[in-house]
Every structure is written in C-alpha cells, then in structure tokens.
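What follows is a set of notes on a single structure, which appears directly below.
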Amino acid sequence: MSTSRRSLLAAAALLPAALTLRPAVAQQRFESIFMFIPAGPGGGWDGTGRAIEQAARAAGLVGSFQFENVGGAGGMVGLPRFVNQRRNQPNALMVGGSVMVGAGITNKSPITIANVQPIARLTEEAGVIVVPATSDIRTWQDLEAKLKANPGGVPVGGGSAGGTDHILLGLILKALGRNPREASYVAFAGGGPANAAILGGQVSAGISGYSEFAEQIKAGRMRALATSGERRIEGTDIPTLKELGLDVTAANWRGVFAGPGITAAQRQALIDLMVAVHATPQWKETLRARVWADAFLTGDAFAEYLKRDITATESVLKDLGLA
Amino acid sequence: METLTALAGGFATALTPTHLLFAFAGCFLGTAVGVLPGIGPALTVALLLPITFQVPATSAFILFAGVYYGAMYGGSTTSILLNTPGESATIITALEGFQMARRGRAGPALATAAIGSFVAGTIATIALTFFAPIVVELALRLGPAEYFSLMVIAFVAVSSVLGASVLRGLTTLFLGLLLGVVGVDLQTGQPRFTFGMIEFLDGIEVTIVAVGLFAVAETLHLATRRKHGEDEILPLSGSLWLSREDWARSWKPWLRGACIGFPFGAIPAGGSELPTFLSYFMEKKLSRQPQQFGQGAIEGVAGPEAANNAAAAGVLMPMLTLGLPTSVTAAIMLSAFQSYGIQPGPLLFVNQAELIWGLIASLYVGNLMLLVLNLPLIGLWVRILKIPQPQLYAGILVFATIGAYGVSNSVIDLLVMYAVGVVGMLMKRYDFPVAPAVIGMILGPLAEQAFRQALTISQGDWTTFVTRPISAVFLTIALALAGGPAVWRAVVMTRRASA
C-alpha cells in the first residue's frame with residue numbers, strides 16, 4: 001500500500017511540474033486575462049485559446065490566464081453567459097468563429113455574435129471538395145457537370161446540416177444556378193465518420209475544412225478537386241473555385257472577442273495585446289505546427305468583415321430553409 | 001517479423017522508467033475518472049492537453065492511452081458496487097454486476113471484470129498490432145445501410161433485456177428513443193423536442209440519464225421503501241476471489257466478448273456500447289441457466305466487460321492506421337497529435353514509427369499495470385458495501401451530482417438527472433425495467449441517422465438495405481435471431497405431433 005501511495009505521489013507531483021511555465025521576459029501588458037471558450041475542451045476553439053495563452057505567457061505579455069469552457073450548440077450556450085457575466089470587464093476575451101455566426105442564425109438565438117466586440121481574427125481555413133481516389137470523377141469539371149445536371153444524384157458527405165460544410169455546398173449550388181435544397185447532403189457526426197464514408201466510397205464526394213482531409217489527400221486516398229479560399233492553400237496545387245470560374249469563397253475563421261460595455265481605450269488595449277501575441281515567435285510556430293492559415297485582422301476592419309460574413313451566411317441559410 | 005522487430009523497439013521505448021511512470025499515472029487517473037460517473041476519458045484527456053506543450057510526444061500519448069484504458073477498467077467498479085455506471089460502455093455491466101453484489105458476490109464480479117478486461121484488452125492489443133490495416137479496410141466497406149442493419153441486430157438483442165412483460169419493456173425502450181432524439185437533428189439542422197431551450201440543442205447526455213435511472217432512482221426507491229433495520233445488500237459472503245465454477249463460467253465469455261468488441265471498435269459508427277449489448281445477448285442465449293440472468297449471472301459481467309475493453313483497443317486502429325477518430329476520446333487524442341505538428345493519417349506508421357510502436361507497447365504494459373492495480377483494490381472496494389445504507393446512498397448522490405455537473409458545468413444537466421431519477425423510481429416501483437430506456441437512447445439516434453443517411457445516398461430507394469450484400473447478410477442474421485427460436489419450437493412440436 002505504501003509503495004503504491006508513494007509512486008502515486010510522485011506521479012501527482014510530476015504533472016503540475018510539467019505544466020509550470022518559463023518566467024516572464026518582456027513587458028507585461030495584463031496581469032491576468034479571463035479566457036472564455038464557448039466549446040468543450042479539446043476542440044478548435046479551445047486549441048486557439050490555449051495557443052494564445054502559450055504565446056502570451058512565454059513572451060511575458062500576460063501574467064496569468066484563467067479559462068472557462070462552456071460548450072454546446074455551436075457556442076450558443078456559452079455566448080449568453082459571456083455577454084452577461086463579462087459585461088464591462090476589460091480583461092475578458094472569448095474565442096469564437098464562423099461556426100458561431102451560423103449557429104446564431106439557425107438557432108434564432110436572441111444573443112448572437114453581434115452582441116460581443118470583435119477584437120481580432122486570427123486564423124482561417126478554406127474548405128476543400130474531395131472525391132475518393134477510386135472515383136471516376138477526375139476533375140472539378142466532371143463534378144460540376146454532375147452537380148449541374150442533377151444535384152440529387154451526387155451524395156456529398158460533410159459535417160452537421162447547416163454547418164460550414166453544408167453552407168459551402170449551398171453556395172456552390174447557388175453559383176451553378178441550382179437550388180441549394182436540391183442537394184443530397186449526407187451529414188456525419190464528426191470528421192472520423194465523414195472521412196470513413198468518403199474513403200469507403202459510400203458517398204460520391206466530400207466537403208470539409210482542408211485539415212480534415214489533408215493527410216488522406218497527401219497519402220493519395222482522396223483526390224482534392226477545389227478549395228474555397230481567396231488564394232490557393234500554401235504548399236498545395238489545388239485550384240480555388242474562383243480560378244475554376246465559380247464566384248464562391250468561404251472560410252472557417254476563428255478569432256477573439258471582448259464583452260460588451262468596455263471603453264474604446266480598453267478595447268484598444270486588447271487589440272494591442274493581440275497584435276503583440278501575433279508577433280511572437282511562439283505564435284508563428286503554433287501556426288506552422290497546426291497548419292493554421294494566418295488571417296490576422298483587427299478592430300474595425302474585422303468588424304466590417306464580420307458584418308459581411310453574417311449577411312452572406314444568413315442568405316445561404318435562408319436558401320437552405322434554415323433561417 | 002518486421003512487426004515483431006518494431007514492437008520490440010516499442011517496448012524499449014515503453015519500458016524506460018519515465019514512460020512507466022507516465023503509464024502508471026495515466027492508468028491511475030483513468031481508473032479514478034472511470035469510477036466517477038460523468039467524467040469520462042474524453043474530458044480527462046482534454047484537460048490534460050496543455051501537457052503537450054511541455055513533455056515529449058511519446059510520453060504524452062503513453063499517458064493518454066493509460067487514461068483511456070484505465071477508464072474502461074474503472075467504469076465497471078461503480079456499476080457493480082453501486083449500480084452507478086461510470087461510463088456508457090459499462091451500463092450493461094450494472095445489470096448482472098449489481099445483482100451479484102446484492103447477493104454478496106461483489107468480489108467475484110469485480111474480479112471477473114478486471115481479469116476479463118485484461119484478457120480481452122491484451123487479445124485486442126495483439127490483434128491491433130498485427131491486423132490493424134486489414135480490419136480497418138474491411139470496416140470501410142460498411143456504409144450507413146450496413147450500420148442500420150447492424151442496429152437492427154442490436155434491437156433484436158435488446159429483446160433479451162426487456163424483462164418479463166414485453167409491453168413494459170417496449171414502453172421504456174420508447175421512452176429512451178424519445179430522450180435520444182432530443183436536440184438539433186444532424187441531417188436537417190432542425191431542433192426537436194427542445195422546447196426552445198438552448199441547453200437541449202446538443203441533446204441529452206446518455207451518462208446523465210443512465211446515472212439518473214440507475215443511481216438516483218435506486219436511492220430514491222430505497223429512501224421511500226426502506227424500513228428500519230433492513231439491509232438489502234449483503235456486505236460479503238464467501239470468497240472475494242473467483243471460485244473454480246466462476247472461472248469455468250467466465251473464460252468463454254471473455255474470449256467471445258473480445259471477438260465481438262474488437263471489430264466494433266474499428267467501425268466508424270460502432271462505439272463501445274453496442275458490443276456490450278450484443279455480448280450480453282449472446283451470453284444469455286448461450287447460457288445453460290438463462291433464468292439466472294437478471295439474478296446475478298457472472299457471464300453477464302464477464303462478456304460485456306471483455307467486449308468494452310476490446311472495443312477500446314479497436315477504436316485505436318482506425319486512428320493509428322488512417323487518422324480517423326471513431327470516438328470522442330480518439331478525436332481529442334488526434335488534436336494532441338496536431339499540437340506536436342504530427343498530422344495523423346495513413347502515413348503515420350511510416351513517419352512516426354517510434355512514437356506509434358512505443359504507444360502500442362505501452363498498451364500491453366498498461367493492461368498489465370491495470371490488472372495489478374485493480375485486483376488488490378477489490379478488497380478495498382467491497383468494503384464500500386459495509387457502509388450503512390443511508391450514508392452509502394447519500395454518498396452515491398453526492399458522487400452522481402458532482403459527476404453530472406462535471407460533464408458540462410450545466411445546472412440543466414443536474415435537473416434532467418434528478419427528473420429522470422424520479423421517473424426511474426416510479427418505474428422501479430411499478431416494475432418497469434430501466435435498461436431498455438438507456439439502450440434505446442443510445443441505439444435509437446444511431447439507427448435513425450444511419451437509416452436516413454442510407455436513404456439520402458440511395459436517393460430514397462428503400463431496397464438499398466437488401467441489395468447491398470453485407471447489409472442483406474446482417475438483416476438475415478437479425479431475422480434468424482428474432483424468428484429462429486419460434487420456428488425451431490414449431491418444427492419440434494410438429495415432429496412430436498406426427499411421431
């Protein structure tokens with residue numbers, strides 16, 4: 001008994017020791033930051049929040065971070081809590097993104113992303129349209145012809161209905177002059193099942209964020225036909241939909257927001273913090289390791305972008321019958 | 001041969017003192033979170049994610065694998081002792097395990113669960129080592145139509161837990177189905193049965209309902225029924241260890257459980273609950289004393305426990321060979337890979353051979369460690385039953401409440417759990433079985449989504465379920481299981497009549 005207790009204590013001592021961080025080296029801007037993640041631990045938003053903590057603390061920009069995760073309904077469970085509890089609080093940040101824009105519209109939530117203050121957009125990821133490697137669809141033109149002729153005859157797999165993948169398919173069909181509702185969209189719960197269905201040839205094509213499919217594409221098990229970004233994804237030769245003559249761009253972006261009620265100066269301080277975080281080598285390293293595309297945009301420019309994104313998303317969701 | 005060399009290299013990595021310590025820490029943490037209802041391996045691994053910034057990849061994954069395997073061991077403990085499943089994969093274990101505990105046989109129940117987990121875990125790890133790529137390729141051939149047909153088999157299997165009255169059994173099964181469809185519908189994005197509450201959009205957590213139906217209901221039931229000086233649970237009688245008869249009745253279920261569980265882990269929609277249902281059904285059908293089921297049949301603990309551990313190893317297969325997560329825990333482990341800049345995918349075995357083989361070797365080590373950790377604990381665990389009932393059940397309520405709140409820090413979850421608990425108490429009083437409700441809640445949404453995905457893919461053609469060969473085979477099996485015994489009896493009867 002005593003042996004196991006001792007090794008237990010050793011193990012318990014090991015974990016926090018492994019978690020302690022290096023001392024501050026630069027000028028500290030905030031003593032502490034309250035970071036709100038409107039999603040469970042382990043996902044993309046959580047990863048973004050923790051990466052900010054890593055970069056900010058390693059550079060000594062912030063003394064300490066406090067995290068709260070409240071997951072559910074694409075951020076719609078956490079968002080009202082952040083808005084109510086962190087009103088007027090100058091050192092509170094919330095991670096959010098395009099998923100939250102769509103979720104607010106489809107759930108007809110009274111409190112949406114418009115109720116928080118945009119600080120900075122950090123990363124974005126373009127969508128990609130793939131087919132199984134064994135498919136007789138060789139190029140985007142092949143798929144386009146099929147979709148144009150009979151969208152219902154081309155089952156396309158992706159994430160949950162009304163989510164970013166579904167919205168992208170809707171945008172494509174709209175651009176092809178078809179009704180987004182004609183699609184045979186097969187929603188899967190999560191990347192694993194969706195990938196399996198595409199690899200196994202259960203669906204004709206798949207649609208999702210690039211990172212979801214990247215390794216399968218590299219290994220030659222899926223063929224990428226087109227991406228939805230403004231530019232090609234770095235390090236790939238997949239054409240964009242724009243290059244292919246279709247006026248469709250969409251990206252799944254992530255950023256940080258502040259609570260309502262803070263002053264312009266307080267907001268500027270948070271923007272300055274994010275500019276400093278964005279400049280750290282640690283943040284650059286995170287972007288590289290995680291293959292996140294840098295999409296840094298702050299303050300009013302970000303607010304402007306957000307407004308356009310909300311309008312575009314709303315219009316597609318209306319076409320899909322979800323708004 | 002190549003595999004063996006690689007595995008030997010993996011053991012060289014896994015058996016260093018640091019990695020053994022990480023494996024132990026993982027196994028210990030995993031056992032602890034497995035015991036707590038609600039807090040599962042997925043949440044634990046997620047909370048440990050920041051560690052990836054500080055320690056080398058191999059150490060982190062050995063820790064995570066330990067948590068994952070450990071939770072599968074720990075989950076059965078509370079199922080057996082307290083009728084409080086720690087994980088959804090150990091719900092079935094509570095059916096026979098708790099009955100054994102009530103009859104003073106908690107020791108053998110815990111022992112058969114621990115040894116069965118070890119046996120099945122080891123068999124599955126061996127299979128993972130040698131056959132992972134083949135099994136995964138086969139699993140990819142299954143599409144939504146096949147999943148649906150598989151669910152039909154599972155629904156037939158459920159009939160074995162419906163209890164004496166089919167009407168009551170079906171009533172609770174449908175109650176489970178109703179709870180299962182609450183939330184935003186995956187295929188259309190429309191909310192169902194949420195009554196305008198944002199908290200219900202993601203659906204109701206299965207463990208919340210299971211803990212409500214089992215633990216809270218049991219507590220309320222006892223509180224309303226208890227008379228002074230009457231103790232229902234016999235603290236202990238007989239040996240803590242397995243008798244010769246227990247061994248004889250356990251070893252076949254262990255092996256069968258391993259065979260059922262492993263392939264299910266590999267299937268993207270399999271999960272670890274489904275094989276436990278099927279294993280229970282199989283053991284009941286094969287048992288020479290089926291009347292003992294529901295009264296504490298050791299086979300009903302041995303089989304499902306083996307199945308859920310084998311499935312846990314199975315889940316790692318598609319993750320390691322193709323980078324496909326088929327469970328929430330696997331998905332979070334994948335995100336840990338990414339924070340090391342390792343992109344999990346078909347090339348993982350080639351690019352990260354040392355890490356992967358170290359991880360696989362640590363699974364063998366972890367399994368053994370868990371057995372060594374859990375067997376001596378049995379003596380300690382069963383003492384819990386010596387606690388006088390009022391205090392014990394008050395403690396269970398505290399545990400259940402903390403665990404349920406821990407799932408998502410939601411007060412709504414707690415209210416749901418207690419509401420379900422009250423319903424469960426009434427069900428108990430009026431003799432409705434509770435297990436079908438939980439099973440319906442797990443199987444219902446899976447079957448529904450697979451059904452609609454299959455029909456979307458076939459463009460509304462219903463024959464897809466019989467024209468796809470594998471699906472047709474599954475449906476035939478389901479039909480044989482459902483109708484077989486009746487037909488057989490009829491044949492025997494007519495023969496006798498004509499003779």
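Chain lettering (A, B, ...) mirrors the order of the structure tokens, residue numbering begins at 1 for each chain separately, and ligand numbering begins at 1 in order of display.
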
Checklist entry - Which parts of region 113-183 of chain A does DSSP call strand (DSSP E) when run on the backbone here, written out as JSON, numbers by chain? => result {"A": [117, 118, 119, 120, 121, 122, 123, 124, 125, 126, 127, 128, 129, 130, 131, 132, 155, 156, 157, 158]}

For the contact check between chain A and chain B, emit one row per residue of chain A within 8 Å, containing the shortest atom pair and the distance in Å rounded to one decimal, counting only C-alpha atoms, chain then rising number order, as JSON lines.
{"residue": "A:Leu8", "atom": "CA", "partner": "B:Ala25", "partner_atom": "CA", "distance": 7.2}
{"residue": "A:Ala11", "atom": "CA", "partner": "B:Ala25", "partner_atom": "CA", "distance": 5.5}
{"residue": "A:Ala12", "atom": "CA", "partner": "B:Ala25", "partner_atom": "CA", "distance": 7.6}
{"residue": "A:Leu15", "atom": "CA", "partner": "B:Ile51", "partner_atom": "CA", "distance": 7.9}
{"residue": "A:Ala18", "atom": "CA", "partner": "B:Gln54", "partner_atom": "CA", "distance": 6.0}
{"residue": "A:Leu19", "atom": "CA", "partner": "B:Ile51", "partner_atom": "CA", "distance": 6.1}
{"residue": "A:Gly40", "atom": "CA", "partner": "B:Ser408", "partner_atom": "CA", "distance": 7.7}
{"residue": "A:Pro41", "atom": "CA", "partner": "B:Ala46", "partner_atom": "CA", "distance": 5.3}
{"residue": "A:Gly42", "atom": "CA", "partner": "B:Ala46", "partner_atom": "CA", "distance": 4.8}
{"residue": "A:Gly43", "atom": "CA", "partner": "B:Ile332", "partner_atom": "CA", "distance": 7.3}
{"residue": "A:Arg50", "atom": "CA", "partner": "B:Pro50", "partner_atom": "CA", "distance": 7.5}
{"residue": "A:Val70", "atom": "CA", "partner": "B:Ser408", "partner_atom": "CA", "distance": 6.7}
{"residue": "A:Gly71", "atom": "CA", "partner": "B:Ser408", "partner_atom": "CA", "distance": 6.9}
{"residue": "A:Gly72", "atom": "CA", "partner": "B:Asp202", "partner_atom": "CA", "distance": 6.0}
{"residue": "A:Ala73", "atom": "CA", "partner": "B:Asp202", "partner_atom": "CA", "distance": 5.6}
{"residue": "A:Met76", "atom": "CA", "partner": "B:Ile198", "partner_atom": "CA", "distance": 7.1}
{"residue": "A:Val77", "atom": "CA", "partner": "B:Ile198", "partner_atom": "CA", "distance": 6.1}
{"residue": "A:Thr106", "atom": "CA", "partner": "B:Gly189", "partner_atom": "CA", "distance": 7.7}
{"residue": "A:Gly152", "atom": "CA", "partner": "B:Gln459", "partner_atom": "CA", "distance": 7.1}
{"residue": "A:Gly153", "atom": "CA", "partner": "B:Gln459", "partner_atom": "CA", "distance": 7.0}
{"residue": "A:Pro155", "atom": "CA", "partner": "B:Ile457", "partner_atom": "CA", "distance": 5.4}
{"residue": "A:Ser160", "atom": "CA", "partner": "B:Leu186", "partner_atom": "CA", "distance": 5.2}
{"residue": "A:Ala161", "atom": "CA", "partner": "B:Gly189", "partner_atom": "CA", "distance": 4.9}
{"residue": "A:Gly162", "atom": "CA", "partner": "B:Gly189", "partner_atom": "CA", "distance": 5.6}
{"residue": "A:Ser184", "atom": "CA", "partner": "B:Thr456", "partner_atom": "CA", "distance": 6.1}
{"residue": "A:Tyr185", "atom": "CA", "partner": "B:Thr456", "partner_atom": "CA", "distance": 7.4}
{"residue": "A:Val186", "atom": "CA", "partner": "B:Gln453", "partner_atom": "CA", "distance": 5.7}
{"residue": "A:Ala187", "atom": "CA", "partner": "B:Gln187", "partner_atom": "CA", "distance": 5.3}
{"residue": "A:Phe188", "atom": "CA", "partner": "B:Leu186", "partner_atom": "CA", "distance": 7.3}
{"residue": "A:Ala189", "atom": "CA", "partner": "B:Leu186", "partner_atom": "CA", "distance": 7.3}
{"residue": "A:Gly191", "atom": "CA", "partner": "B:Pro325", "partner_atom": "CA", "distance": 7.4}
{"residue": "A:Gly192", "atom": "CA", "partner": "B:Leu324", "partner_atom": "CA", "distance": 4.5}
{"residue": "A:Pro193", "atom": "CA", "partner": "B:Pro268", "partner_atom": "CA", "distance": 5.2}
{"residue": "A:Asn195", "atom": "CA", "partner": "B:Leu324", "partner_atom": "CA", "distance": 6.9}
{"residue": "A:Ala196", "atom": "CA", "partner": "B:Leu140", "partner_atom": "CA", "distance": 6.0}
{"residue": "A:Ala197", "atom": "CA", "partner": "B:Gly143", "partner_atom": "CA", "distance": 6.5}
{"residue": "A:Leu199", "atom": "CA", "partner": "B:Leu140", "partner_atom": "CA", "distance": 7.0}
{"residue": "A:Gly200", "atom": "CA", "partner": "B:Leu140", "partner_atom": "CA", "distance": 4.8}
{"residue": "A:Gln202", "atom": "CA", "partner": "B:Gly143", "partner_atom": "CA", "distance": 5.7}
{"residue": "A:Val203", "atom": "CA", "partner": "B:Ile457", "partner_atom": "CA", "distance": 6.7}
{"residue": "A:Glu215", "atom": "CA", "partner": "B:Gly345", "partner_atom": "CA", "distance": 5.1}
{"residue": "A:Gln216", "atom": "CA", "partner": "B:Gly345", "partner_atom": "CA", "distance": 6.4}
{"residue": "A:Ala219", "atom": "CA", "partner": "B:Pro346", "partner_atom": "CA", "distance": 6.3}
{"residue": "A:Thr286", "atom": "CA", "partner": "B:Ser339", "partner_atom": "CA", "distance": 7.7}
{"residue": "A:Arg288", "atom": "CA", "partner": "B:Gly341", "partner_atom": "CA", "distance": 7.8}
{"residue": "A:Ala289", "atom": "CA", "partner": "B:Gly341", "partner_atom": "CA", "distance": 4.1}
{"residue": "A:Arg290", "atom": "CA", "partner": "B:Gly341", "partner_atom": "CA", "distance": 5.7}
{"residue": "A:Val291", "atom": "CA", "partner": "B:Gly341", "partner_atom": "CA", "distance": 8.0}
{"residue": "A:Leu322", "atom": "CA", "partner": "B:Gly189", "partner_atom": "CA", "distance": 7.2}

Atoms kept (N, CA and C atoms) for selection, written as a tab-separated table (two decimals), in the first residue's frame:
chain	number	residue	atom	x	y	z
A	8	LEU	N	2.31	7.07	-6.38
A	8	LEU	CA	1.17	7.92	-6.71
A	8	LEU	C	1.52	9.38	-6.48
A	11	ALA	N	3.74	10.58	-9.10
A	11	ALA	CA	3.02	10.85	-10.34
A	11	ALA	C	2.26	12.16	-10.22
A	12	ALA	N	1.67	12.38	-9.05
A	12	ALA	CA	0.90	13.60	-8.85
A	12	ALA	C	1.81	14.82	-8.90
A	15	LEU	N	2.88	15.87	-12.72
A	15	LEU	CA	2.00	16.57	-13.66
A	15	LEU	C	2.10	18.09	-13.53
A	18	ALA	N	5.28	19.49	-14.76
A	18	ALA	CA	5.40	19.53	-16.21
A	18	ALA	C	4.64	20.72	-16.78
A	19	LEU	N	3.70	21.25	-16.01
A	19	LEU	CA	2.85	22.32	-16.54
A	19	LEU	C	3.37	23.72	-16.22
A	40	GLY	N	-16.36	22.77	-25.61
A	40	GLY	CA	-15.71	21.85	-24.69
A	40	GLY	C	-14.20	21.86	-24.88
A	41	PRO	N	-13.45	21.32	-23.90
A	41	PRO	CA	-12.01	21.23	-24.07
A	41	PRO	C	-11.66	20.29	-25.22
A	42	GLY	N	-10.56	20.59	-25.91
A	42	GLY	CA	-10.08	19.66	-26.93
A	42	GLY	C	-10.39	20.04	-28.35
A	43	GLY	N	-11.33	20.95	-28.58
A	43	GLY	CA	-11.69	21.31	-29.94
A	43	GLY	C	-10.84	22.46	-30.49
A	50	ARG	N	-5.86	28.19	-25.91
A	50	ARG	CA	-4.67	27.73	-25.19
A	50	ARG	C	-3.40	28.12	-25.92
A	70	VAL	N	-17.55	26.52	-21.69
A	70	VAL	CA	-18.98	26.20	-21.64
A	70	VAL	C	-19.40	25.83	-23.06
A	71	GLY	N	-19.51	24.54	-23.30
A	71	GLY	CA	-19.76	24.07	-24.66
A	71	GLY	C	-21.23	23.92	-24.98
A	72	GLY	N	-21.52	23.75	-26.26
A	72	GLY	CA	-22.88	23.40	-26.67
A	72	GLY	C	-23.44	24.28	-27.77
A	73	ALA	N	-24.15	23.65	-28.70
A	73	ALA	CA	-24.91	24.35	-29.74
A	73	ALA	C	-24.08	25.38	-30.49
A	76	MET	N	-23.61	28.65	-28.77
A	76	MET	CA	-24.79	29.43	-28.38
A	76	MET	C	-25.18	29.24	-26.91
A	77	VAL	N	-24.63	28.19	-26.26
A	77	VAL	CA	-24.89	28.03	-24.83
A	77	VAL	C	-23.95	28.95	-24.03
A	106	THR	N	-29.22	29.86	-37.30
A	106	THR	CA	-30.10	28.69	-37.37
A	106	THR	C	-30.87	28.48	-36.08
A	152	GLY	N	-29.24	16.06	-56.87
A	152	GLY	CA	-29.73	14.99	-56.01
A	152	GLY	C	-29.01	13.67	-56.24
A	153	GLY	N	-28.43	13.51	-57.44
A	153	GLY	CA	-27.77	12.25	-57.78
A	153	GLY	C	-26.34	12.16	-57.30
A	155	PRO	N	-24.52	12.24	-53.90
A	155	PRO	CA	-24.47	12.37	-52.45
A	155	PRO	C	-23.13	12.94	-51.98
A	160	SER	N	-22.35	18.51	-39.76
A	160	SER	CA	-23.79	18.61	-39.50
A	160	SER	C	-24.50	19.61	-40.41
A	161	ALA	N	-25.80	19.35	-40.64
A	161	ALA	CA	-26.59	20.18	-41.53
A	161	ALA	C	-26.63	21.62	-41.01
A	162	GLY	N	-26.48	22.58	-41.91
A	162	GLY	CA	-26.49	23.97	-41.51
A	162	GLY	C	-25.12	24.46	-41.06
A	184	SER	N	-28.08	16.41	-52.23
A	184	SER	CA	-28.14	15.19	-51.41
A	184	SER	C	-27.03	15.29	-50.40
A	185	TYR	N	-27.28	16.09	-49.36
A	185	TYR	CA	-26.23	16.30	-48.38
A	185	TYR	C	-26.35	15.28	-47.25
A	186	VAL	N	-25.28	14.51	-47.04
A	186	VAL	CA	-25.29	13.47	-46.01
A	186	VAL	C	-24.45	13.98	-44.83
A	187	ALA	N	-25.13	14.29	-43.73
A	187	ALA	CA	-24.42	14.85	-42.58
A	187	ALA	C	-23.87	13.74	-41.70
A	188	PHE	N	-22.60	13.88	-41.31
A	188	PHE	CA	-21.98	12.90	-40.40
A	188	PHE	C	-21.58	13.61	-39.11
A	189	ALA	N	-21.63	12.87	-38.02
A	189	ALA	CA	-21.26	13.44	-36.73
A	189	ALA	C	-19.75	13.37	-36.57
A	191	GLY	N	-15.50	14.39	-37.90
A	191	GLY	CA	-14.59	14.14	-39.02
A	191	GLY	C	-14.32	12.67	-39.27
A	192	GLY	N	-14.25	11.86	-38.21
A	192	GLY	CA	-13.93	10.44	-38.38
A	192	GLY	C	-14.92	9.73	-39.28
A	193	PRO	N	-16.21	9.72	-38.89
A	193	PRO	CA	-17.21	9.05	-39.71
A	193	PRO	C	-17.31	9.63	-41.14
A	195	ASN	N	-14.87	11.08	-42.92
A	195	ASN	CA	-13.71	10.57	-43.65
A	195	ASN	C	-13.90	9.12	-44.06
A	196	ALA	N	-14.38	8.32	-43.14
A	196	ALA	CA	-14.55	6.89	-43.42
A	196	ALA	C	-15.53	6.69	-44.57
A	197	ALA	N	-16.61	7.46	-44.58
A	197	ALA	CA	-17.62	7.30	-45.62
A	197	ALA	C	-17.05	7.70	-46.99
A	199	LEU	N	-13.67	7.69	-47.83
A	199	LEU	CA	-12.64	6.70	-48.19
A	199	LEU	C	-13.28	5.41	-48.66
A	200	GLY	N	-14.38	5.02	-48.03
A	200	GLY	CA	-15.04	3.77	-48.39
A	200	GLY	C	-15.94	3.92	-49.62
A	202	GLN	N	-18.68	5.48	-49.87
A	202	GLN	CA	-20.11	5.44	-49.55
A	202	GLN	C	-20.83	6.66	-50.12
A	203	VAL	N	-20.11	7.79	-50.22
A	203	VAL	CA	-20.68	8.99	-50.83
A	203	VAL	C	-19.83	9.33	-52.06
A	215	GLU	N	-4.30	14.82	-44.75
A	215	GLU	CA	-3.44	13.64	-44.75
A	215	GLU	C	-3.91	12.59	-45.75
A	216	GLN	N	-5.23	12.47	-45.91
A	216	GLN	CA	-5.76	11.49	-46.88
A	216	GLN	C	-5.39	11.92	-48.30
A	219	ALA	N	-1.71	11.19	-48.84
A	219	ALA	CA	-1.45	9.76	-48.98
A	219	ALA	C	-2.08	9.20	-50.26
A	286	THR	N	3.23	27.96	-33.59
A	286	THR	CA	1.95	27.26	-33.46
A	286	THR	C	1.23	27.19	-34.79
A	288	ARG	N	2.49	27.20	-37.70
A	288	ARG	CA	3.18	26.27	-38.57
A	288	ARG	C	2.85	24.83	-38.18
A	289	ALA	N	2.98	24.53	-36.87
A	289	ALA	CA	2.77	23.16	-36.40
A	289	ALA	C	1.34	22.70	-36.64
A	290	ARG	N	0.40	23.58	-36.42
A	290	ARG	CA	-1.01	23.18	-36.53
A	290	ARG	C	-1.56	23.35	-37.94
A	291	VAL	N	-0.74	23.90	-38.83
A	291	VAL	CA	-1.16	24.20	-40.20
A	291	VAL	C	-2.43	25.08	-40.20
A	322	LEU	N	-33.08	27.13	-43.44
A	322	LEU	CA	-32.68	27.01	-42.04
A	322	LEU	C	-32.66	28.34	-41.30

Next on the checklist: Residues within 10 Å of Ile477 (chain B), please, as a ChimeraX atom specification. Count only C-alpha atoms; anything in the same chain fewer than 4 positions from it doesn't count.
Outcome noted: /B:149-150,152-153,156,471-473,481-484

Checklist entry - Quick one, how far is CA of Leu128 (chain B) from CA of Ala14 (chain B)? => result 16.8 Å

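One finds CA of His221 (chain B) at 11.1 Å from CA of Tyr430 (chain B).
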
Checklist outcome for this item: Gly403 (chain B) proximity check over B:Ala478, B:Met72, B:Ala215, B:Ala490, using only C-alpha atoms: winner is B:Ala215

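Residues surrounding Asp237 (chain A) within 12 Å are Ile217, Lys218, Arg223, Ala224, Leu225, Ala226, Thr227, Arg231, Arg232, Ile233 and Glu243 of chain A [only C-alpha atoms; sequence separation below 4 positions excluded].
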
Next on the checklist: Could you pull out the alpha helix (DSSP H) residues of region 95-319 of chain A, going by DSSP on the backbone, and write them as a VMD selection string?
Outcome noted: chain A and resid 98 to 106 140 to 149 164 to 175 191 to 199 210 to 218 264 to 279 281 to 290 299 to 319

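The coordinates place CA of Arg102 (chain B) at 16.3 Å from CA of Lys428 (chain B).
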
Item to check | Surrounding residues of region 79-92 of chain A excluding itself and chain neighbours under 4 positions, 7 Å, only C-alpha atoms, as a PyMOL selection string | outcome: chain A and resi 33-35+38+75+111+116+258-262+266

Checklist outcome for this item: Min atom-atom distance to Ala58 (chain A) from the set A:Thr123, A:Gln268, A:Gln141, A:Thr280, counting only C-alpha atoms, belongs to A:Thr280

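Considering the residues A:Val95, A:Phe213, A:Ile113, A:Ala56 and counting only C-alpha atoms, Gly44 (chain A) has its shortest atom-to-atom contact with A:Val95.
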
Next on the checklist: Which residues are close to region 305-313 of chain B, i.e. within 6 Å by only C-alpha atoms, leaving aside same-chain residues fewer than 2 positions away? Reply as a PyMOL selection string.
Outcome noted: chain B and resi 113+116-117+120-121+124+254+257-258+261-262+265+272+275-276+302-303+315-316
